[in-house]
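Comments concern the structure below.
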Amino acid sequence: MRVLLVVESHYGNTRKVADAVAEGLLPHDVILEDVWQAVPPTQVVDLLVVGGPTHAHGMSRAGTRRTAREDHPDGQEVHAGIREWLDRLPAVERRPAAAFDTRIARPRLLTGSASHGMSRRLRQRGYRLLDASESFLVEASEGPIAVGELERARAWGSRLAGLLAGR
Ligand SMILES: Cc1cc2nc3c(=O)[nH]c(=O)nc-3n(C[C@H](O)[C@H](O)[C@H](O)COP(=O)(O)O)c2cc1C
């Protein structure tokens, strides 16, 4: 089955998590695209997965992306994030999707979580969430990824693969 995984990452952490999720999704046919290059799927994909960092308790916006860039000029310049990509996503009827984010390793009440907004937007577009959204933790804004989180991301990818195969 064909999986499209679209990821936003400024400092590389969410991208590493996406790579681990993609590994878990094998042997499905996974296409992994950075959000600034990704176009909305024109061909039917069997599963759409979106992932991005938590910024200001939710998905990034132009202002938070600017701050990310100013704070760490070595980071990736991201002109449009998952929020804007989802805004352009054509509506479908009950197609499977899943969402994840990275966020700081603190209680979620303090950090917020971008994947909640992603899930809401996916549902609004007609997607059906295959699994609850997931957060993977980083120690600080620029990383590193917390111990064990890449393994958890791989396991979540495998879980999605199993859910997709079992439909
Ligand atoms: C402008 C900005 C705002 C942020 N706001 C939050 C936040 O509200 N909650 C949180 O958990 N992490 C926050 N973070 C930390 C990011 O979640 C972290 O940088 C991200 O997970 C790293 O992923 P990336 O390397 O893929 O960009 C923020 C980071 C930046 C740059």
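Residue numbering restarts at 1 in every chain; chains get A, B, ... in the order shown in the structure tokens, and ligands count up from 1 in that same order.
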Practice task
Just the residues within 10 Å of segment 30-33 of chain A, please, counting only C-alpha atoms, with nothing from its chain fewer than 3 positions along; format it as number ranges by chain.
Solution key: A: 1-8, 15, 18-19, 21-23, 25-27, 36-39, 45, 47-50
If the limit is 8 Å from any atom of ligand 1, counting only C-alpha atoms and all ligand atoms, which residues qualify? Return them as a PDB file with N, CA and C atoms, in the first residue's frame.
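After the write, selection_33.pdb holds the following:
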```pdb
ATOM      1  N   GLU A   8       7.308  18.597   8.520  1.00  0.00           N
ATOM      2  CA  GLU A   8       7.901  19.935   8.701  1.00  0.00           C
ATOM      3  C   GLU A   8       8.961  19.813   9.795  1.00  0.00           C
ATOM      4  N   SER A   9      10.140  20.361   9.528  1.00  0.00           N
ATOM      5  CA  SER A   9      11.192  20.292  10.545  1.00  0.00           C
ATOM      6  C   SER A   9      12.147  21.452  10.372  1.00  0.00           C
ATOM      7  N   HIS A  10      12.414  22.155  11.442  1.00  0.00           N
ATOM      8  CA  HIS A  10      13.303  23.318  11.389  1.00  0.00           C
ATOM      9  C   HIS A  10      14.715  22.957  11.801  1.00  0.00           C
ATOM     10  N   TYR A  11      14.830  22.151  12.849  1.00  0.00           N
ATOM     11  CA  TYR A  11      16.157  21.794  13.378  1.00  0.00           C
ATOM     12  C   TYR A  11      16.485  20.323  13.133  1.00  0.00           C
ATOM     13  N   GLY A  12      15.617  19.615  12.426  1.00  0.00           N
ATOM     14  CA  GLY A  12      15.928  18.237  12.054  1.00  0.00           C
ATOM     15  C   GLY A  12      15.349  17.163  12.953  1.00  0.00           C
ATOM     16  N   ASN A  13      14.791  17.560  14.098  1.00  0.00           N
ATOM     17  CA  ASN A  13      14.297  16.531  15.038  1.00  0.00           C
ATOM     18  C   ASN A  13      13.053  15.818  14.507  1.00  0.00           C
ATOM     19  N   THR A  14      12.092  16.584  14.027  1.00  0.00           N
ATOM     20  CA  THR A  14      10.857  15.959  13.534  1.00  0.00           C
ATOM     21  C   THR A  14      11.160  15.128  12.291  1.00  0.00           C
ATOM     22  N   ARG A  15      12.141  15.573  11.529  1.00  0.00           N
ATOM     23  CA  ARG A  15      12.548  14.797  10.348  1.00  0.00           C
ATOM     24  C   ARG A  15      13.110  13.422  10.781  1.00  0.00           C
ATOM     25  N   LYS A  16      13.928  13.409  11.848  1.00  0.00           N
ATOM     26  CA  LYS A  16      14.468  12.125  12.328  1.00  0.00           C
ATOM     27  C   LYS A  16      13.331  11.225  12.820  1.00  0.00           C
ATOM     28  N   GLY A  52       4.899  17.448  12.438  1.00  0.00           N
ATOM     29  CA  GLY A  52       5.578  18.742  12.532  1.00  0.00           C
ATOM     30  C   GLY A  52       5.871  19.081  13.984  1.00  0.00           C
ATOM     31  N   PRO A  53       6.656  20.128  14.184  1.00  0.00           N
ATOM     32  CA  PRO A  53       6.994  20.538  15.549  1.00  0.00           C
ATOM     33  C   PRO A  53       5.854  21.317  16.202  1.00  0.00           C
ATOM     34  N   THR A  54       5.785  21.265  17.505  1.00  0.00           N
ATOM     35  CA  THR A  54       4.859  22.130  18.246  1.00  0.00           C
ATOM     36  C   THR A  54       5.513  23.499  18.396  1.00  0.00           C
ATOM     37  N   HIS A  55       4.814  24.511  17.935  1.00  0.00           N
ATOM     38  CA  HIS A  55       5.260  25.906  18.092  1.00  0.00           C
ATOM     39  C   HIS A  55       4.144  26.673  18.780  1.00  0.00           C
ATOM     40  N   ALA A  56       4.453  27.381  19.863  1.00  0.00           N
ATOM     41  CA  ALA A  56       3.448  28.183  20.572  1.00  0.00           C
ATOM     42  C   ALA A  56       2.168  27.366  20.795  1.00  0.00           C
ATOM     43  N   HIS A  57       2.346  26.144  21.299  1.00  0.00           N
ATOM     44  CA  HIS A  57       1.258  25.238  21.693  1.00  0.00           C
ATOM     45  C   HIS A  57       0.506  24.594  20.540  1.00  0.00           C
ATOM     46  N   GLY A  58       0.856  24.919  19.305  1.00  0.00           N
ATOM     47  CA  GLY A  58       0.115  24.337  18.181  1.00  0.00           C
ATOM     48  C   GLY A  58       1.020  24.172  16.964  1.00  0.00           C
ATOM     49  N   SER A  60       3.032  25.386  13.609  1.00  0.00           N
ATOM     50  CA  SER A  60       3.800  26.618  13.380  1.00  0.00           C
ATOM     51  C   SER A  60       2.968  27.621  12.580  1.00  0.00           C
ATOM     52  N   GLY A  63       5.043  33.620  12.022  1.00  0.00           N
ATOM     53  CA  GLY A  63       5.799  34.295  13.086  1.00  0.00           C
ATOM     54  C   GLY A  63       6.682  33.337  13.870  1.00  0.00           C
ATOM     55  N   THR A  64       6.174  32.163  14.184  1.00  0.00           N
ATOM     56  CA  THR A  64       6.997  31.214  14.961  1.00  0.00           C
ATOM     57  C   THR A  64       8.123  30.654  14.090  1.00  0.00           C
ATOM     58  N   ARG A  65       7.845  30.503  12.798  1.00  0.00           N
ATOM     59  CA  ARG A  65       8.900  30.012  11.896  1.00  0.00           C
ATOM     60  C   ARG A  65      10.019  31.055  11.792  1.00  0.00           C
ATOM     61  N   ARG A  66       9.608  32.321  11.793  1.00  0.00           N
ATOM     62  CA  ARG A  66      10.619  33.392  11.760  1.00  0.00           C
ATOM     63  C   ARG A  66      11.466  33.344  13.032  1.00  0.00           C
ATOM     64  N   THR A  67      10.798  33.174  14.177  1.00  0.00           N
ATOM     65  CA  THR A  67      11.525  33.090  15.454  1.00  0.00           C
ATOM     66  C   THR A  67      12.481  31.903  15.443  1.00  0.00           C
ATOM     67  N   ALA A  68      12.006  30.766  14.922  1.00  0.00           N
ATOM     68  CA  ALA A  68      12.851  29.569  14.874  1.00  0.00           C
ATOM     69  C   ALA A  68      14.114  29.859  14.084  1.00  0.00           C
ATOM     70  N   ARG A  69      13.948  30.577  13.011  1.00  0.00           N
ATOM     71  CA  ARG A  69      15.059  30.905  12.121  1.00  0.00           C
ATOM     72  C   ARG A  69      16.006  31.900  12.791  1.00  0.00           C
ATOM     73  N   ASP A  71      16.375  32.432  16.030  1.00  0.00           N
ATOM     74  CA  ASP A  71      17.037  31.837  17.200  1.00  0.00           C
ATOM     75  C   ASP A  71      18.207  30.964  16.780  1.00  0.00           C
ATOM     76  N   GLY A  75      19.286  26.599  11.223  1.00  0.00           N
ATOM     77  CA  GLY A  75      18.125  25.730  11.008  1.00  0.00           C
ATOM     78  C   GLY A  75      17.608  25.847   9.576  1.00  0.00           C
ATOM     79  N   ASP A 101       3.487  14.954  16.292  1.00  0.00           N
ATOM     80  CA  ASP A 101       4.294  16.161  16.466  1.00  0.00           C
ATOM     81  C   ASP A 101       5.501  15.837  17.317  1.00  0.00           C
ATOM     82  N   THR A 102       6.424  16.801  17.370  1.00  0.00           N
ATOM     83  CA  THR A 102       7.445  16.783  18.400  1.00  0.00           C
ATOM     84  C   THR A 102       7.139  17.940  19.331  1.00  0.00           C
ATOM     85  N   ARG A 103       7.476  17.755  20.590  1.00  0.00           N
ATOM     86  CA  ARG A 103       7.268  18.816  21.575  1.00  0.00           C
ATOM     87  C   ARG A 103       8.272  18.615  22.703  1.00  0.00           C
ATOM     88  N   ILE A 104       8.384  19.636  23.526  1.00  0.00           N
ATOM     89  CA  ILE A 104       9.329  19.599  24.642  1.00  0.00           C
ATOM     90  C   ILE A 104       8.860  18.556  25.663  1.00  0.00           C
ATOM     91  N   ALA A 105       9.829  17.898  26.284  1.00  0.00           N
ATOM     92  CA  ALA A 105       9.521  16.849  27.265  1.00  0.00           C
ATOM     93  C   ALA A 105       9.094  17.464  28.599  1.00  0.00           C
ATOM     94  N   ARG A 106       7.897  17.991  28.627  1.00  0.00           N
ATOM     95  CA  ARG A 106       7.265  18.553  29.844  1.00  0.00           C
ATOM     96  C   ARG A 106       5.803  18.146  29.770  1.00  0.00           C
ATOM     97  N   ARG A 108       2.012  17.934  29.009  1.00  0.00           N
ATOM     98  CA  ARG A 108       1.377  18.486  27.806  1.00  0.00           C
ATOM     99  C   ARG A 108       0.554  19.740  28.086  1.00  0.00           C
ATOM    100  N   LEU A 110       1.464  22.146  29.705  1.00  0.00           N
ATOM    101  CA  LEU A 110       2.386  23.283  29.571  1.00  0.00           C
ATOM    102  C   LEU A 110       2.857  23.476  28.134  1.00  0.00           C
ATOM    103  N   THR A 111       3.004  22.385  27.408  1.00  0.00           N
ATOM    104  CA  THR A 111       3.647  22.486  26.081  1.00  0.00           C
ATOM    105  C   THR A 111       2.656  22.669  24.937  1.00  0.00           C
ATOM    106  N   GLY A 112       1.424  22.168  25.082  1.00  0.00           N
ATOM    107  CA  GLY A 112       0.525  22.067  23.940  1.00  0.00           C
ATOM    108  C   GLY A 112       1.005  20.966  23.012  1.00  0.00           C
ATOM    109  N   SER A 113       0.329  20.810  21.880  1.00  0.00           N
ATOM    110  CA  SER A 113       0.664  19.710  20.974  1.00  0.00           C
ATOM    111  C   SER A 113       0.118  20.026  19.580  1.00  0.00           C
ATOM    112  N   LEU A 137       9.086  13.304  22.032  1.00  0.00           N
ATOM    113  CA  LEU A 137       9.622  14.355  22.896  1.00  0.00           C
ATOM    114  C   LEU A 137      11.066  14.731  22.563  1.00  0.00           C
ATOM    115  N   VAL A 138      11.330  16.038  22.660  1.00  0.00           N
ATOM    116  CA  VAL A 138      12.701  16.542  22.531  1.00  0.00           C
ATOM    117  C   VAL A 138      13.075  17.181  23.878  1.00  0.00           C
ATOM    118  N   ALA A 140      15.058  19.886  24.310  1.00  0.00           N
ATOM    119  CA  ALA A 140      15.056  21.352  24.208  1.00  0.00           C
ATOM    120  C   ALA A 140      14.673  21.698  22.771  1.00  0.00           C
ATOM    121  N   SER A 141      14.426  22.983  22.513  1.00  0.00           N
ATOM    122  CA  SER A 141      13.910  23.402  21.196  1.00  0.00           C
ATOM    123  C   SER A 141      14.691  22.819  20.032  1.00  0.00           C
ATOM    124  N   GLU A 142      16.002  22.893  20.102  1.00  0.00           N
ATOM    125  CA  GLU A 142      16.814  22.418  18.964  1.00  0.00           C
ATOM    126  C   GLU A 142      17.196  20.948  19.111  1.00  0.00           C
ATOM    127  N   GLY A 143      16.697  20.274  20.111  1.00  0.00           N
ATOM    128  CA  GLY A 143      16.985  18.871  20.362  1.00  0.00           C
ATOM    129  C   GLY A 143      17.895  18.739  21.572  1.00  0.00           C
TER     130      GLY A 143
END
```
Practice task
Run DSSP on the backbone of this structure and report the residues of segment 2-146 of chain A it assigns to helix (DSSP H, G or I), as a PyMOL selection string.
Solution key: chain A and resi 13-25+62-71+82-87+108-111+114-124
Practice task
Can you pull out every residue within 8 Å of Ser119 of chain A, counting only C-alpha atoms, but drop anything in the same chain fewer than 6 positions away, and send it as a PyMOL selection string?
Solution key: chain A and resi 98-99+129+133
Selected residues written out with N, CA and C atoms, as a PDB file, in the first residue's frame:
```pdb
ATOM      1  N   ALA A  98      -3.033   9.973   9.695  1.00  0.00           N
ATOM      2  CA  ALA A  98      -2.489   9.987  11.053  1.00  0.00           C
ATOM      3  C   ALA A  98      -1.621  11.224  11.203  1.00  0.00           C
ATOM      4  N   ALA A  99      -1.451  11.679  12.452  1.00  0.00           N
ATOM      5  CA  ALA A  99      -0.687  12.901  12.699  1.00  0.00           C
ATOM      6  C   ALA A  99       0.207  12.727  13.920  1.00  0.00           C
ATOM      7  N   LEU A 129      -9.068   9.275  11.085  1.00  0.00           N
ATOM      8  CA  LEU A 129      -7.790   9.004  11.760  1.00  0.00           C
ATOM      9  C   LEU A 129      -7.663   7.527  12.091  1.00  0.00           C
ATOM     10  N   SER A 133      -3.480  10.681  17.617  1.00  0.00           N
ATOM     11  CA  SER A 133      -2.251  11.393  17.271  1.00  0.00           C
ATOM     12  C   SER A 133      -1.180  11.122  18.331  1.00  0.00           C
TER      13      SER A 133
END
```
Exercise for the section: Rounded to one decimal place, report the atom CA of Val78 of chain A-atom CA of Val35 of chain A distance in Å. Expected result: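 These two atoms are separated by 8.2 Å.
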Completion exercise
The distance between atom CA of Arg152 of chain A and atom CA of Ser115 of chain A is 16.2 Å
Practice task
Find, counting only C-alpha atoms, the residue in A:Leu109, A:Leu150, A:Ala114, A:Ala97 that gets nearest to Leu164 of chain A.
Solution key: A:Ala97
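Comparing A:Ala146, A:Arg167, A:Arg88, A:Pro96 by their smallest distance to Ala132 of chain A, the closest is A:Pro96 (using only C-alpha atoms).
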Completion exercise
Computed gap from atom CA of Phe136 of chain A to atom CA of Val44 of chain A is 27.9 Å
Among chain A, which ones does DSSP place in strand (DSSP E or B), written as a tab-separated table (two decimals) with N, CA and C atoms, in the first residue's frame?
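Contents of states.tsv, as written:
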```tsv
chain	number	residue	atom	x	y	z
A	2	ARG	N	0.31	2.33	-0.48
A	2	ARG	CA	1.10	3.54	-0.66
A	2	ARG	C	0.82	4.54	0.49
A	3	VAL	N	1.91	5.00	1.12
A	3	VAL	CA	1.80	5.93	2.24
A	3	VAL	C	2.52	7.22	1.88
A	4	LEU	N	1.87	8.37	2.07
A	4	LEU	CA	2.53	9.66	1.91
A	4	LEU	C	2.76	10.24	3.30
A	5	LEU	N	4.04	10.52	3.61
A	5	LEU	CA	4.40	11.09	4.91
A	5	LEU	C	4.97	12.48	4.67
A	6	VAL	N	4.28	13.50	5.14
A	6	VAL	CA	4.71	14.89	4.92
A	6	VAL	C	5.19	15.46	6.24
A	7	VAL	N	6.41	16.00	6.24
A	7	VAL	CA	7.00	16.44	7.51
A	7	VAL	C	7.53	17.87	7.42
A	29	ASP	N	4.80	1.00	0.90
A	29	ASP	CA	5.56	1.86	0.00
A	29	ASP	C	5.44	3.30	0.52
A	30	VAL	N	6.51	3.81	1.18
A	30	VAL	CA	6.42	5.11	1.85
A	30	VAL	C	7.11	6.20	1.04
A	31	ILE	N	6.38	7.27	0.78
A	31	ILE	CA	6.98	8.46	0.13
A	31	ILE	C	7.07	9.52	1.23
A	32	LEU	N	8.32	9.92	1.54
A	32	LEU	CA	8.52	10.91	2.61
A	32	LEU	C	8.89	12.25	1.97
A	33	GLU	N	8.10	13.29	2.25
A	33	GLU	CA	8.37	14.58	1.61
A	33	GLU	C	8.44	15.70	2.64
A	34	ASP	N	9.41	16.60	2.46
A	34	ASP	CA	9.46	17.80	3.29
A	34	ASP	C	8.31	18.71	2.89
A	47	LEU	N	-2.66	5.88	2.82
A	47	LEU	CA	-2.54	6.50	4.15
A	47	LEU	C	-1.76	7.80	4.01
A	48	LEU	N	-2.27	8.86	4.62
A	48	LEU	CA	-1.56	10.14	4.69
A	48	LEU	C	-1.12	10.35	6.13
A	49	VAL	N	0.19	10.57	6.34
A	49	VAL	CA	0.71	10.86	7.68
A	49	VAL	C	1.34	12.24	7.63
A	50	VAL	N	0.99	13.11	8.59
A	50	VAL	CA	1.62	14.43	8.65
A	50	VAL	C	2.28	14.59	10.02
A	51	GLY	N	3.44	15.26	10.02
A	51	GLY	CA	4.15	15.48	11.27
A	51	GLY	C	4.85	16.82	11.27
A	52	GLY	N	4.90	17.45	12.44
A	52	GLY	CA	5.58	18.74	12.53
A	52	GLY	C	5.87	19.08	13.98
A	53	PRO	N	6.66	20.13	14.18
A	53	PRO	CA	6.99	20.54	15.55
A	53	PRO	C	5.85	21.32	16.20
A	55	HIS	N	4.81	24.51	17.93
A	55	HIS	CA	5.26	25.91	18.09
A	55	HIS	C	4.14	26.67	18.78
A	58	GLY	N	0.86	24.92	19.30
A	58	GLY	CA	0.12	24.34	18.18
A	58	GLY	C	1.02	24.17	16.96
A	95	ARG	N	-10.79	8.81	3.98
A	95	ARG	CA	-9.50	8.17	3.70
A	95	ARG	C	-8.66	8.17	4.98
A	96	PRO	N	-7.83	7.14	5.19
A	96	PRO	CA	-7.06	7.04	6.43
A	96	PRO	C	-5.94	8.08	6.53
A	97	ALA	N	-5.73	8.57	7.74
A	97	ALA	CA	-4.67	9.54	7.99
A	97	ALA	C	-4.18	9.38	9.43
A	98	ALA	N	-3.03	9.97	9.70
A	98	ALA	CA	-2.49	9.99	11.05
A	98	ALA	C	-1.62	11.22	11.20
A	99	ALA	N	-1.45	11.68	12.45
A	99	ALA	CA	-0.69	12.90	12.70
A	99	ALA	C	0.21	12.73	13.92
A	100	PHE	N	1.39	13.34	13.85
A	100	PHE	CA	2.27	13.34	15.01
A	100	PHE	C	2.98	14.69	15.10
A	101	ASP	N	3.49	14.95	16.29
A	101	ASP	CA	4.29	16.16	16.47
A	101	ASP	C	5.50	15.84	17.32
A	102	THR	N	6.42	16.80	17.37
A	102	THR	CA	7.45	16.78	18.40
A	102	THR	C	7.14	17.94	19.33
A	103	ARG	N	7.48	17.76	20.59
A	103	ARG	CA	7.27	18.82	21.58
A	103	ARG	C	8.27	18.61	22.70
A	104	ILE	N	8.38	19.64	23.53
A	104	ILE	CA	9.33	19.60	24.64
A	104	ILE	C	8.86	18.56	25.66
A	127	TYR	N	-10.76	13.16	6.21
A	127	TYR	CA	-9.91	12.01	6.55
A	127	TYR	C	-10.40	11.36	7.84
A	128	ARG	N	-10.15	10.07	7.93
A	128	ARG	CA	-10.51	9.31	9.12
A	128	ARG	C	-9.21	8.91	9.81
A	129	LEU	N	-9.07	9.27	11.09
A	129	LEU	CA	-7.79	9.00	11.76
A	129	LEU	C	-7.66	7.53	12.09
A	134	GLU	N	0.08	11.28	17.94
A	134	GLU	CA	1.20	10.96	18.83
A	134	GLU	C	2.13	12.16	18.96
A	135	SER	N	2.73	12.28	20.14
A	135	SER	CA	3.79	13.27	20.35
A	135	SER	C	5.08	12.55	20.68
A	136	PHE	N	6.17	13.02	20.10
A	136	PHE	CA	7.49	12.49	20.41
A	136	PHE	C	8.30	13.64	21.01
A	137	LEU	N	9.09	13.30	22.03
A	137	LEU	CA	9.62	14.35	22.90
A	137	LEU	C	11.07	14.73	22.56
A	138	VAL	N	11.33	16.04	22.66
A	138	VAL	CA	12.70	16.54	22.53
A	138	VAL	C	13.08	17.18	23.88
A	145	ILE	N	16.56	14.68	20.60
A	145	ILE	CA	15.37	13.86	20.82
A	145	ILE	C	15.57	13.07	22.10
```
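Of the listed residues (A:Arg121, A:Arg83, A:Arg94, A:Arg159), A:Arg94 comes nearest to Asp46 of chain A; the distances count only C-alpha atoms.
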